[in-house]
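What follows is the content of model-v4.txt (compact mmCIF, N, CA, C and O atoms).
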# COMPACT_ATOMS: atom_id res chain seq x y z
N MET A 1 64.28 110.51 59.44
CA MET A 1 65.53 109.78 59.57
C MET A 1 66.70 110.73 59.37
O MET A 1 66.62 111.67 58.59
N PHE A 2 67.77 110.46 60.05
CA PHE A 2 68.98 111.27 60.00
C PHE A 2 69.99 110.58 59.09
O PHE A 2 70.26 109.39 59.22
N THR A 3 70.58 111.33 58.16
CA THR A 3 71.52 110.77 57.20
C THR A 3 72.78 111.62 57.12
O THR A 3 72.70 112.84 57.07
N VAL A 4 73.93 110.95 57.10
CA VAL A 4 75.22 111.60 56.85
C VAL A 4 75.75 110.97 55.57
O VAL A 4 75.72 109.74 55.42
N GLN A 5 76.22 111.80 54.63
CA GLN A 5 76.74 111.22 53.41
C GLN A 5 78.00 111.93 52.94
O GLN A 5 78.23 113.09 53.25
N LEU A 6 78.81 111.17 52.23
CA LEU A 6 80.01 111.68 51.58
C LEU A 6 79.84 111.40 50.09
O LEU A 6 79.55 110.27 49.70
N ASP A 7 80.00 112.42 49.28
CA ASP A 7 79.78 112.30 47.84
C ASP A 7 81.10 112.43 47.08
O ASP A 7 81.92 113.29 47.40
N THR A 8 81.25 111.59 46.10
CA THR A 8 82.36 111.64 45.15
C THR A 8 83.72 111.62 45.83
O THR A 8 84.56 112.47 45.60
N ILE A 9 83.92 110.63 46.67
CA ILE A 9 85.26 110.36 47.21
C ILE A 9 86.07 109.78 46.04
O ILE A 9 85.65 108.80 45.43
N ARG A 10 87.20 110.38 45.74
CA ARG A 10 88.05 109.90 44.63
C ARG A 10 89.32 109.27 45.20
O ARG A 10 90.03 109.89 45.98
N LEU A 11 89.58 108.04 44.75
CA LEU A 11 90.75 107.31 45.20
C LEU A 11 91.34 106.52 44.04
O LEU A 11 90.62 106.14 43.11
N TRP A 12 92.64 106.26 44.10
CA TRP A 12 93.31 105.36 43.16
C TRP A 12 93.50 104.04 43.88
O TRP A 12 94.12 103.99 44.95
N VAL A 13 92.95 102.96 43.31
CA VAL A 13 92.82 101.70 44.01
C VAL A 13 93.32 100.54 43.15
O VAL A 13 93.05 100.50 41.95
N PRO A 14 94.03 99.58 43.77
CA PRO A 14 94.44 98.39 43.02
C PRO A 14 93.29 97.39 42.89
O PRO A 14 93.24 96.38 43.59
N VAL A 15 92.33 97.70 42.04
CA VAL A 15 91.17 96.84 41.85
C VAL A 15 91.06 96.46 40.38
O VAL A 15 91.25 97.29 39.50
N GLY A 16 90.79 95.20 40.15
CA GLY A 16 90.61 94.74 38.78
C GLY A 16 91.12 93.33 38.59
O GLY A 16 91.93 92.83 39.38
N LEU A 17 90.64 92.70 37.54
CA LEU A 17 91.01 91.32 37.26
C LEU A 17 92.32 91.20 36.49
O LEU A 17 92.92 90.13 36.45
N TYR A 18 92.77 92.31 35.89
CA TYR A 18 94.00 92.27 35.11
C TYR A 18 95.19 92.64 35.99
O TYR A 18 95.11 93.54 36.82
N ARG A 19 96.31 91.96 35.77
CA ARG A 19 97.51 92.16 36.58
C ARG A 19 97.97 93.62 36.58
O ARG A 19 98.36 94.16 37.60
N GLN A 20 97.89 94.28 35.44
CA GLN A 20 98.36 95.66 35.35
C GLN A 20 97.50 96.61 36.18
O GLN A 20 97.95 97.67 36.58
N GLU A 21 96.26 96.23 36.46
CA GLU A 21 95.40 97.08 37.28
C GLU A 21 95.89 97.15 38.72
O GLU A 21 95.71 98.16 39.39
N ALA A 22 96.51 96.10 39.20
CA ALA A 22 97.07 96.12 40.55
C ALA A 22 98.28 97.04 40.63
O ALA A 22 98.52 97.67 41.65
N VAL A 23 99.02 97.14 39.53
CA VAL A 23 100.21 97.97 39.50
C VAL A 23 99.87 99.43 39.19
O VAL A 23 100.26 100.35 39.89
N LEU A 24 99.11 99.63 38.13
CA LEU A 24 98.77 100.99 37.68
C LEU A 24 97.65 101.61 38.50
O LEU A 24 97.55 102.82 38.57
N LYS A 25 96.81 100.79 39.08
CA LYS A 25 95.64 101.20 39.87
C LYS A 25 94.57 101.83 38.99
O LYS A 25 94.83 102.24 37.86
N ASN A 26 93.37 101.88 39.50
CA ASN A 26 92.24 102.47 38.82
C ASN A 26 91.66 103.58 39.67
O ASN A 26 91.61 103.46 40.90
N GLU A 27 91.19 104.62 39.01
CA GLU A 27 90.52 105.69 39.75
C GLU A 27 89.08 105.27 39.98
O GLU A 27 88.39 104.84 39.05
N ILE A 28 88.66 105.39 41.23
CA ILE A 28 87.27 105.10 41.57
C ILE A 28 86.65 106.31 42.25
O ILE A 28 87.35 107.18 42.75
N THR A 29 85.34 106.33 42.24
CA THR A 29 84.59 107.27 43.07
C THR A 29 83.65 106.47 43.96
O THR A 29 83.17 105.40 43.57
N VAL A 30 83.45 106.98 45.15
CA VAL A 30 82.56 106.34 46.12
C VAL A 30 81.56 107.37 46.60
O VAL A 30 81.91 108.50 46.91
N HIS A 31 80.31 106.97 46.61
CA HIS A 31 79.23 107.75 47.21
C HIS A 31 78.68 106.89 48.34
O HIS A 31 78.34 105.73 48.12
N ILE A 32 78.61 107.48 49.53
CA ILE A 32 78.17 106.68 50.68
C ILE A 32 77.26 107.52 51.57
O ILE A 32 77.51 108.70 51.79
N ALA A 33 76.17 106.90 52.01
CA ALA A 33 75.23 107.56 52.91
C ALA A 33 74.94 106.61 54.07
O ALA A 33 74.73 105.41 53.85
N VAL A 34 74.95 107.14 55.28
CA VAL A 34 74.69 106.36 56.48
C VAL A 34 73.46 106.96 57.16
O VAL A 34 73.45 108.16 57.49
N ARG A 35 72.45 106.15 57.35
CA ARG A 35 71.19 106.63 57.92
C ARG A 35 70.94 105.98 59.27
O ARG A 35 71.15 104.79 59.45
N VAL A 36 70.50 106.81 60.21
CA VAL A 36 70.13 106.33 61.54
C VAL A 36 68.62 106.42 61.64
O VAL A 36 68.06 107.52 61.65
N PRO A 37 67.95 105.28 61.67
CA PRO A 37 66.49 105.31 61.73
C PRO A 37 65.98 105.62 63.14
O PRO A 37 66.67 105.37 64.13
N GLY A 38 64.79 106.19 63.20
CA GLY A 38 64.09 106.35 64.46
C GLY A 38 64.62 107.39 65.42
O GLY A 38 64.49 107.22 66.62
N VAL A 39 65.23 108.45 64.92
CA VAL A 39 65.68 109.52 65.81
C VAL A 39 64.85 110.76 65.56
O VAL A 39 64.26 110.93 64.50
N SER A 40 64.82 111.64 66.55
CA SER A 40 64.07 112.88 66.40
C SER A 40 65.06 114.04 66.24
O SER A 40 66.23 113.93 66.63
N PRO A 41 64.61 115.16 65.68
CA PRO A 41 65.52 116.30 65.49
C PRO A 41 66.14 116.80 66.79
O PRO A 41 67.24 117.35 66.78
N GLY A 42 65.51 116.56 67.90
CA GLY A 42 66.05 117.01 69.18
C GLY A 42 67.13 116.11 69.75
O GLY A 42 67.80 116.48 70.71
N SER A 43 67.29 114.92 69.17
CA SER A 43 68.28 113.97 69.70
C SER A 43 69.10 113.34 68.57
O SER A 43 69.24 112.12 68.50
N LEU A 44 69.65 114.17 67.70
CA LEU A 44 70.42 113.65 66.57
C LEU A 44 71.72 113.03 67.05
O LEU A 44 72.44 113.61 67.88
N PRO A 45 72.05 111.85 66.54
CA PRO A 45 73.29 111.19 66.94
C PRO A 45 74.49 111.82 66.25
O PRO A 45 74.34 112.57 65.29
N PHE A 46 75.67 111.50 66.74
CA PHE A 46 76.88 111.98 66.11
C PHE A 46 77.44 110.85 65.24
O PHE A 46 77.83 109.81 65.75
N ILE A 47 77.46 111.06 63.95
CA ILE A 47 78.09 110.14 62.99
C ILE A 47 79.28 110.90 62.42
O ILE A 47 79.10 111.91 61.74
N ASP A 48 80.47 110.44 62.70
CA ASP A 48 81.69 111.13 62.30
C ASP A 48 82.03 110.80 60.84
O ASP A 48 82.44 109.68 60.54
N TYR A 49 81.85 111.75 59.95
CA TYR A 49 82.12 111.47 58.54
C TYR A 49 83.59 111.26 58.27
O TYR A 49 83.96 110.64 57.28
N ALA A 50 84.48 111.72 59.16
CA ALA A 50 85.90 111.41 59.01
C ALA A 50 86.15 109.92 59.24
O ALA A 50 86.98 109.31 58.56
N GLN A 51 85.42 109.31 60.15
CA GLN A 51 85.55 107.87 60.37
C GLN A 51 84.98 107.09 59.19
O GLN A 51 85.53 106.05 58.81
N ILE A 52 83.90 107.58 58.61
CA ILE A 52 83.35 106.94 57.42
C ILE A 52 84.38 106.97 56.30
O ILE A 52 84.63 105.96 55.64
N TYR A 53 85.01 108.12 56.10
CA TYR A 53 86.04 108.25 55.07
C TYR A 53 87.19 107.28 55.34
O TYR A 53 87.69 106.64 54.42
N GLU A 54 87.60 107.14 56.60
CA GLU A 54 88.70 106.23 56.93
C GLU A 54 88.35 104.78 56.62
O GLU A 54 89.21 104.02 56.17
N VAL A 55 87.12 104.39 56.87
CA VAL A 55 86.70 103.02 56.52
C VAL A 55 86.80 102.83 55.02
O VAL A 55 87.36 101.83 54.54
N VAL A 56 86.31 103.79 54.24
CA VAL A 56 86.37 103.70 52.78
C VAL A 56 87.83 103.62 52.32
O VAL A 56 88.20 102.76 51.53
N ARG A 57 88.66 104.51 52.82
CA ARG A 57 90.07 104.55 52.42
C ARG A 57 90.78 103.25 52.78
O ARG A 57 91.54 102.69 52.00
N ALA A 58 90.54 102.74 53.98
CA ALA A 58 91.18 101.51 54.42
C ALA A 58 90.78 100.32 53.55
O ALA A 58 91.60 99.44 53.27
N CYS A 59 89.55 100.29 53.11
CA CYS A 59 89.09 99.21 52.23
C CYS A 59 89.79 99.23 50.88
O CYS A 59 89.85 98.22 50.19
N CYS A 60 90.31 100.38 50.50
CA CYS A 60 90.91 100.57 49.18
C CYS A 60 92.42 100.38 49.15
O CYS A 60 93.05 100.67 48.13
N THR A 61 93.01 99.93 50.22
CA THR A 61 94.47 99.79 50.25
C THR A 61 94.94 98.44 49.73
O THR A 61 96.04 98.33 49.21
N GLU A 62 94.14 97.41 49.89
CA GLU A 62 94.52 96.06 49.46
C GLU A 62 94.05 95.79 48.04
O GLU A 62 92.98 96.25 47.63
N GLN A 63 94.82 94.99 47.32
CA GLN A 63 94.44 94.63 45.96
C GLN A 63 93.23 93.70 46.01
O GLN A 63 93.15 92.80 46.85
N THR A 64 92.27 93.98 45.16
CA THR A 64 91.08 93.15 45.07
C THR A 64 90.68 93.02 43.61
O THR A 64 90.95 93.91 42.80
N GLY A 65 90.05 91.93 43.28
CA GLY A 65 89.68 91.70 41.89
C GLY A 65 88.39 92.36 41.47
O GLY A 65 88.22 92.70 40.30
N LEU A 66 87.47 92.52 42.41
CA LEU A 66 86.12 92.95 42.03
C LEU A 66 85.66 94.20 42.79
O LEU A 66 85.94 94.35 43.98
N LEU A 67 84.92 95.04 42.10
CA LEU A 67 84.28 96.19 42.76
C LEU A 67 83.31 95.71 43.83
O LEU A 67 83.15 96.36 44.86
N GLU A 68 82.68 94.58 43.59
CA GLU A 68 81.73 94.04 44.56
C GLU A 68 82.40 93.74 45.90
O GLU A 68 81.78 93.90 46.96
N GLU A 69 83.66 93.30 45.87
CA GLU A 69 84.39 93.04 47.11
C GLU A 69 84.65 94.34 47.87
O GLU A 69 84.54 94.37 49.10
N LEU A 70 84.99 95.39 47.14
CA LEU A 70 85.17 96.70 47.78
C LEU A 70 83.86 97.17 48.40
O LEU A 70 83.83 97.65 49.53
N LEU A 71 82.79 97.05 47.65
CA LEU A 71 81.47 97.47 48.11
C LEU A 71 81.09 96.74 49.40
O LEU A 71 80.68 97.37 50.38
N ALA A 72 81.27 95.43 49.43
CA ALA A 72 80.92 94.63 50.61
C ALA A 72 81.78 95.02 51.80
O ALA A 72 81.29 95.12 52.93
N ALA A 73 83.07 95.25 51.58
CA ALA A 73 83.97 95.64 52.67
C ALA A 73 83.57 96.99 53.26
O ALA A 73 83.58 97.17 54.48
N MET A 74 83.23 97.93 52.40
CA MET A 74 82.81 99.26 52.88
C MET A 74 81.53 99.15 53.68
O MET A 74 81.40 99.73 54.77
N HIS A 75 80.56 98.41 53.15
CA HIS A 75 79.27 98.26 53.84
C HIS A 75 79.47 97.62 55.21
O HIS A 75 78.97 98.12 56.22
N SER A 76 80.21 96.52 55.27
CA SER A 76 80.39 95.84 56.56
C SER A 76 81.24 96.67 57.52
O SER A 76 81.00 96.65 58.73
N GLY A 77 82.20 97.43 57.00
CA GLY A 77 83.00 98.29 57.87
C GLY A 77 82.19 99.39 58.52
O GLY A 77 82.36 99.68 59.71
N ILE A 78 81.29 99.99 57.76
CA ILE A 78 80.43 101.05 58.31
C ILE A 78 79.43 100.49 59.30
O ILE A 78 79.22 101.05 60.39
N THR A 79 78.79 99.37 58.97
CA THR A 79 77.79 98.81 59.88
C THR A 79 78.45 98.27 61.15
O THR A 79 77.82 98.25 62.21
N ALA A 80 79.71 97.85 61.08
CA ALA A 80 80.43 97.44 62.30
C ALA A 80 80.74 98.65 63.17
O ALA A 80 80.68 98.58 64.40
N LEU A 81 81.09 99.76 62.53
CA LEU A 81 81.42 100.99 63.25
C LEU A 81 80.18 101.63 63.87
O LEU A 81 80.22 102.15 64.98
N TYR A 82 79.08 101.59 63.13
CA TYR A 82 77.81 102.19 63.58
C TYR A 82 76.70 101.15 63.49
O TYR A 82 75.91 101.15 62.54
N PRO A 83 76.60 100.25 64.48
CA PRO A 83 75.56 99.21 64.44
C PRO A 83 74.16 99.83 64.40
O PRO A 83 73.91 100.87 65.00
N GLY A 84 73.28 99.18 63.68
CA GLY A 84 71.90 99.64 63.58
C GLY A 84 71.67 100.68 62.50
O GLY A 84 70.54 101.10 62.29
N THR A 85 72.73 101.09 61.82
CA THR A 85 72.57 102.06 60.75
C THR A 85 72.25 101.36 59.44
O THR A 85 72.48 100.16 59.27
N LEU A 86 71.69 102.13 58.53
CA LEU A 86 71.43 101.67 57.17
C LEU A 86 72.44 102.36 56.27
O LEU A 86 72.74 103.55 56.46
N VAL A 87 72.97 101.63 55.29
CA VAL A 87 74.05 102.17 54.46
C VAL A 87 73.70 102.02 52.99
O VAL A 87 73.32 100.94 52.55
N ASN A 88 73.83 103.12 52.26
CA ASN A 88 73.81 103.10 50.80
C ASN A 88 75.22 103.40 50.34
O ASN A 88 75.82 104.38 50.79
N VAL A 89 75.75 102.58 49.45
CA VAL A 89 77.09 102.83 48.94
C VAL A 89 77.15 102.45 47.47
O VAL A 89 76.55 101.46 47.06
N SER A 90 77.83 103.27 46.69
CA SER A 90 78.10 102.92 45.30
C SER A 90 79.57 103.18 45.02
O SER A 90 80.16 104.13 45.52
N VAL A 91 80.15 102.29 44.23
CA VAL A 91 81.55 102.35 43.85
C VAL A 91 81.62 102.32 42.33
O VAL A 91 81.06 101.43 41.71
N SER A 92 82.28 103.32 41.76
CA SER A 92 82.42 103.41 40.31
C SER A 92 83.88 103.37 39.92
O SER A 92 84.69 104.12 40.46
N LYS A 93 84.21 102.49 38.98
CA LYS A 93 85.55 102.47 38.38
C LYS A 93 85.48 103.36 37.15
O LYS A 93 84.71 103.10 36.22
N LEU A 94 86.26 104.44 37.17
CA LEU A 94 86.25 105.38 36.06
C LEU A 94 87.05 104.84 34.89
O LEU A 94 88.13 104.29 35.07
N HIS A 95 86.50 105.00 33.70
CA HIS A 95 87.16 104.58 32.46
C HIS A 95 87.69 103.14 32.55
O HIS A 95 88.89 102.90 32.40
N PRO A 96 86.80 102.18 32.79
CA PRO A 96 87.24 100.79 32.91
C PRO A 96 87.85 100.30 31.58
O PRO A 96 87.44 100.74 30.51
N PRO A 97 88.81 99.39 31.68
CA PRO A 97 89.50 98.92 30.48
C PRO A 97 88.64 97.93 29.68
O PRO A 97 88.85 96.71 29.72
N LEU A 98 87.66 98.45 28.97
CA LEU A 98 86.74 97.61 28.21
C LEU A 98 86.96 97.69 26.70
O LEU A 98 86.25 97.05 25.94
N GLY A 99 87.91 98.51 26.29
CA GLY A 99 88.16 98.64 24.86
C GLY A 99 87.22 99.59 24.16
O GLY A 99 87.23 99.68 22.94
N GLY A 100 86.42 100.31 24.92
CA GLY A 100 85.48 101.27 24.35
C GLY A 100 85.44 102.51 25.21
O GLY A 100 86.14 102.63 26.21
N ASN A 101 84.61 103.44 24.83
CA ASN A 101 84.48 104.70 25.56
C ASN A 101 83.38 104.57 26.61
O ASN A 101 82.22 104.84 26.34
N VAL A 102 83.76 104.13 27.81
CA VAL A 102 82.83 103.94 28.92
C VAL A 102 83.29 104.83 30.06
O VAL A 102 84.43 104.74 30.51
N ALA A 103 82.41 105.71 30.53
CA ALA A 103 82.77 106.65 31.59
C ALA A 103 83.03 105.94 32.92
O ALA A 103 83.97 106.28 33.63
N ALA A 104 82.20 104.96 33.26
CA ALA A 104 82.36 104.29 34.55
C ALA A 104 81.58 102.99 34.58
O ALA A 104 80.57 102.84 33.88
N ALA A 105 82.06 102.08 35.39
CA ALA A 105 81.33 100.87 35.74
C ALA A 105 81.01 101.00 37.23
O ALA A 105 81.89 101.29 38.03
N THR A 106 79.74 100.80 37.59
CA THR A 106 79.30 101.08 38.96
C THR A 106 78.58 99.89 39.56
O THR A 106 77.78 99.23 38.88
N VAL A 107 78.86 99.63 40.84
CA VAL A 107 78.09 98.67 41.63
C VAL A 107 77.55 99.43 42.84
O VAL A 107 78.18 100.36 43.34
N SER A 108 76.36 99.04 43.28
CA SER A 108 75.70 99.75 44.39
C SER A 108 75.01 98.77 45.32
O SER A 108 74.59 97.69 44.91
N TRP A 109 74.91 99.19 46.59
CA TRP A 109 74.09 98.49 47.58
C TRP A 109 73.29 99.54 48.32
O TRP A 109 73.84 100.54 48.76
N ASN A 110 71.98 99.30 48.46
CA ASN A 110 71.11 100.28 49.11
C ASN A 110 70.28 99.61 50.19
O ASN A 110 69.47 98.74 49.90
N ASP A 111 70.51 100.02 51.45
CA ASP A 111 69.70 99.56 52.56
C ASP A 111 68.42 100.40 52.71
O ASP A 111 67.49 99.98 53.36
N PHE A 112 68.44 101.61 52.14
CA PHE A 112 67.24 102.46 52.24
C PHE A 112 66.98 103.16 50.94
O PHE A 112 67.76 103.14 50.03

Take the structure from the file and write it as structure tokens.
Amino acid sequence: MFTVQLDTIRLWVPVGLYRQEAVLKNEITVHIAVRVPGVSPGSLPFIDYAQIYEVVRACCTEQTGLLEELLAAMHSGITALYPGTLVNVSVSKLHPPLGGNVAAATVSWNDF
């Protein structure tokens, strides 16, 4: 199987349930892999990782309450752009406001 991935995309995003998170924004990281099943090394498809990045970035412009909503938007955006692909994506909110020392809160979806 052929896979294209982008690791540790860092963005500041208005995500969170608290009002100040929409204003101050939260730093997130995104790891995303797009797999094309059933291809041979002699006929590798072209998956433009710049387009993958644009889908991720576009999903992060609107205020959203949940990381799960970001995750779903990224997954559906990639599968709409590249039908028939399998997508693994994880979104981590760095230093979430939990009142303790937590490095990140992460949600993931794995098609493969």

task: Might you pull out every residue within 8 Å of Ile47 of chain A, with all atoms listed in the file counted and same-chain residues fewer than 2 positions away left off, and present them as an NGL selection string?
output: :A and (3-5 or 34 or 44-45 or 49-52 or 82)

- request: as a PyMOL selection string, list the residues of segment 8-89 of chain A assigned to alpha helix (DSSP H) by DSSP on the backbone atoms of this structure.
  value: chain A and resi 19-24+49-59+67-81

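Take atom CA of Ala22 of chain A and atom CA of His95 of chain A: the distance between them is 15.3 Å.
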
field: Shell of 12 Å around Ser43 of chain A, only C-alpha atoms, local chain residues under 6 positions omitted, as a list in words
entry: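 Answer for this query is Met1, Phe2, Val36 and Pro37 of chain A.
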
task: Pick out the residues sitting within 6 Å of Val15 of chain A, and hand them over as a ChimeraX atom specification; count only N, CA, C and O atoms, and ignore anything fewer than 4 positions along from it in its own chain.
output: /A:21-22,25-26,62-66

task: Would you mind writing down, as an MDAnalysis selection string, each residue of segment 20-52 of chain A that DSSP on the backbone assigns to strand (DSSP E)?
output: chainID A and resid 26:36

Kindly save the residues from that selection, with N, CA, C and O atoms included, as a compact mmCIF listing (two decimals), in the frame of the given file.
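Output file again-v3.txt follows:
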# COMPACT_ATOMS: atom_id res chain seq x y z
N ASN A 26 93.37 101.88 39.50
CA ASN A 26 92.24 102.47 38.82
C ASN A 26 91.66 103.58 39.67
O ASN A 26 91.61 103.46 40.90
N GLU A 27 91.19 104.62 39.01
CA GLU A 27 90.52 105.69 39.75
C GLU A 27 89.08 105.27 39.98
O GLU A 27 88.39 104.84 39.05
N ILE A 28 88.66 105.39 41.23
CA ILE A 28 87.27 105.10 41.57
C ILE A 28 86.65 106.31 42.25
O ILE A 28 87.35 107.18 42.75
N THR A 29 85.34 106.33 42.24
CA THR A 29 84.59 107.27 43.07
C THR A 29 83.65 106.47 43.96
O THR A 29 83.17 105.40 43.57
N VAL A 30 83.45 106.98 45.15
CA VAL A 30 82.56 106.34 46.12
C VAL A 30 81.56 107.37 46.60
O VAL A 30 81.91 108.50 46.91
N HIS A 31 80.31 106.97 46.61
CA HIS A 31 79.23 107.75 47.21
C HIS A 31 78.68 106.89 48.34
O HIS A 31 78.34 105.73 48.12
N ILE A 32 78.61 107.48 49.53
CA ILE A 32 78.17 106.68 50.68
C ILE A 32 77.26 107.52 51.57
O ILE A 32 77.51 108.70 51.79
N ALA A 33 76.17 106.90 52.01
CA ALA A 33 75.23 107.56 52.91
C ALA A 33 74.94 106.61 54.07
O ALA A 33 74.73 105.41 53.85
N VAL A 34 74.95 107.14 55.28
CA VAL A 34 74.69 106.36 56.48
C VAL A 34 73.46 106.96 57.16
O VAL A 34 73.45 108.16 57.49
N ARG A 35 72.45 106.15 57.35
CA ARG A 35 71.19 106.63 57.92
C ARG A 35 70.94 105.98 59.27
O ARG A 35 71.15 104.79 59.45
N VAL A 36 70.50 106.81 60.21
CA VAL A 36 70.13 106.33 61.54
C VAL A 36 68.62 106.42 61.64
O VAL A 36 68.06 107.52 61.65

Sorted by chain and rising residue number, which residues of segment 38-101 of chain A lie within 8 Å of segment 30-33 of chain A, and what are their closest atom pairs and distances in Å to one decimal, counting only N, CA, C and O atoms, as a Markdown table?
| residue | atom | partner | partner_atom | distance |
| --- | --- | --- | --- | --- |
| A:Thr85 | C | A:Ala33 | O | 7.3 |
| A:Leu86 | O | A:Ala33 | O | 3.8 |
| A:Val87 | CA | A:Ala33 | O | 3.4 |
| A:Asn88 | O | A:Ala33 | N | 2.8 |
| A:Val89 | CA | A:His31 | O | 3.3 |
| A:Ser90 | N | A:His31 | O | 2.9 |
| A:Val91 | CA | A:Val30 | CA | 4.7 |
| A:Ser92 | N | A:Val30 | N | 5.1 |
| A:Lys93 | N | A:Val30 | N | 7.7 |

- request: Using only C-alpha atoms, determine which residues lie at most 7 Å from Pro96 of chain A, disregarding the query and same-chain residues fewer than 6 positions distant; provide the list as a VMD selection string.
  value: chain A and resid 102 104 to 105

- prompt: Could you pull the residues within 7 Å of Thr61 of chain A, counting all atoms listed in the file, minus those fewer than 2 positions along the same chain, as a VMD selection string?
  reply: chain A and resid 12 to 14 56 to 59 63 to 64

Please supply segment 33-40 of chain A, rebuilt with all heavy atoms, as a compact mmCIF listing (two decimals), keeping the file's coordinate frame.
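Writing done, so here's out_19.txt:
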# COMPACT_ATOMS: atom_id res chain seq x y z
N ALA A 33 76.17 106.90 52.01
CA ALA A 33 75.23 107.56 52.91
C ALA A 33 74.94 106.61 54.07
O ALA A 33 74.73 105.41 53.85
CB ALA A 33 73.94 107.91 52.18
N VAL A 34 74.95 107.14 55.28
CA VAL A 34 74.69 106.36 56.48
C VAL A 34 73.46 106.96 57.16
O VAL A 34 73.45 108.16 57.49
CB VAL A 34 75.91 106.39 57.44
CG1 VAL A 34 75.61 105.58 58.70
CG2 VAL A 34 77.16 105.87 56.73
N ARG A 35 72.45 106.15 57.35
CA ARG A 35 71.19 106.63 57.92
C ARG A 35 70.94 105.98 59.27
O ARG A 35 71.15 104.79 59.45
CB ARG A 35 70.03 106.32 56.98
CG ARG A 35 68.68 106.77 57.51
CD ARG A 35 67.62 106.71 56.47
NE ARG A 35 67.80 107.87 55.58
CZ ARG A 35 67.02 108.12 54.54
NH1 ARG A 35 66.03 107.31 54.23
NH2 ARG A 35 67.23 109.19 53.79
N VAL A 36 70.50 106.81 60.21
CA VAL A 36 70.13 106.33 61.54
C VAL A 36 68.62 106.42 61.64
O VAL A 36 68.06 107.52 61.65
CB VAL A 36 70.80 107.18 62.65
CG1 VAL A 36 70.43 106.64 64.02
CG2 VAL A 36 72.30 107.24 62.45
N PRO A 37 67.95 105.28 61.67
CA PRO A 37 66.49 105.31 61.73
C PRO A 37 65.98 105.62 63.14
O PRO A 37 66.67 105.37 64.13
CB PRO A 37 66.09 103.89 61.31
CG PRO A 37 67.26 103.04 61.63
CD PRO A 37 68.47 103.93 61.54
N GLY A 38 64.79 106.19 63.20
CA GLY A 38 64.09 106.35 64.46
C GLY A 38 64.62 107.39 65.42
O GLY A 38 64.49 107.22 66.62
N VAL A 39 65.23 108.45 64.92
CA VAL A 39 65.68 109.52 65.81
C VAL A 39 64.85 110.76 65.56
O VAL A 39 64.26 110.93 64.50
CB VAL A 39 67.19 109.84 65.65
CG1 VAL A 39 68.04 108.64 66.01
CG2 VAL A 39 67.51 110.32 64.26
N SER A 40 64.82 111.64 66.55
CA SER A 40 64.07 112.88 66.40
C SER A 40 65.06 114.04 66.24
O SER A 40 66.23 113.93 66.63
CB SER A 40 63.18 113.11 67.62
OG SER A 40 63.98 113.33 68.76
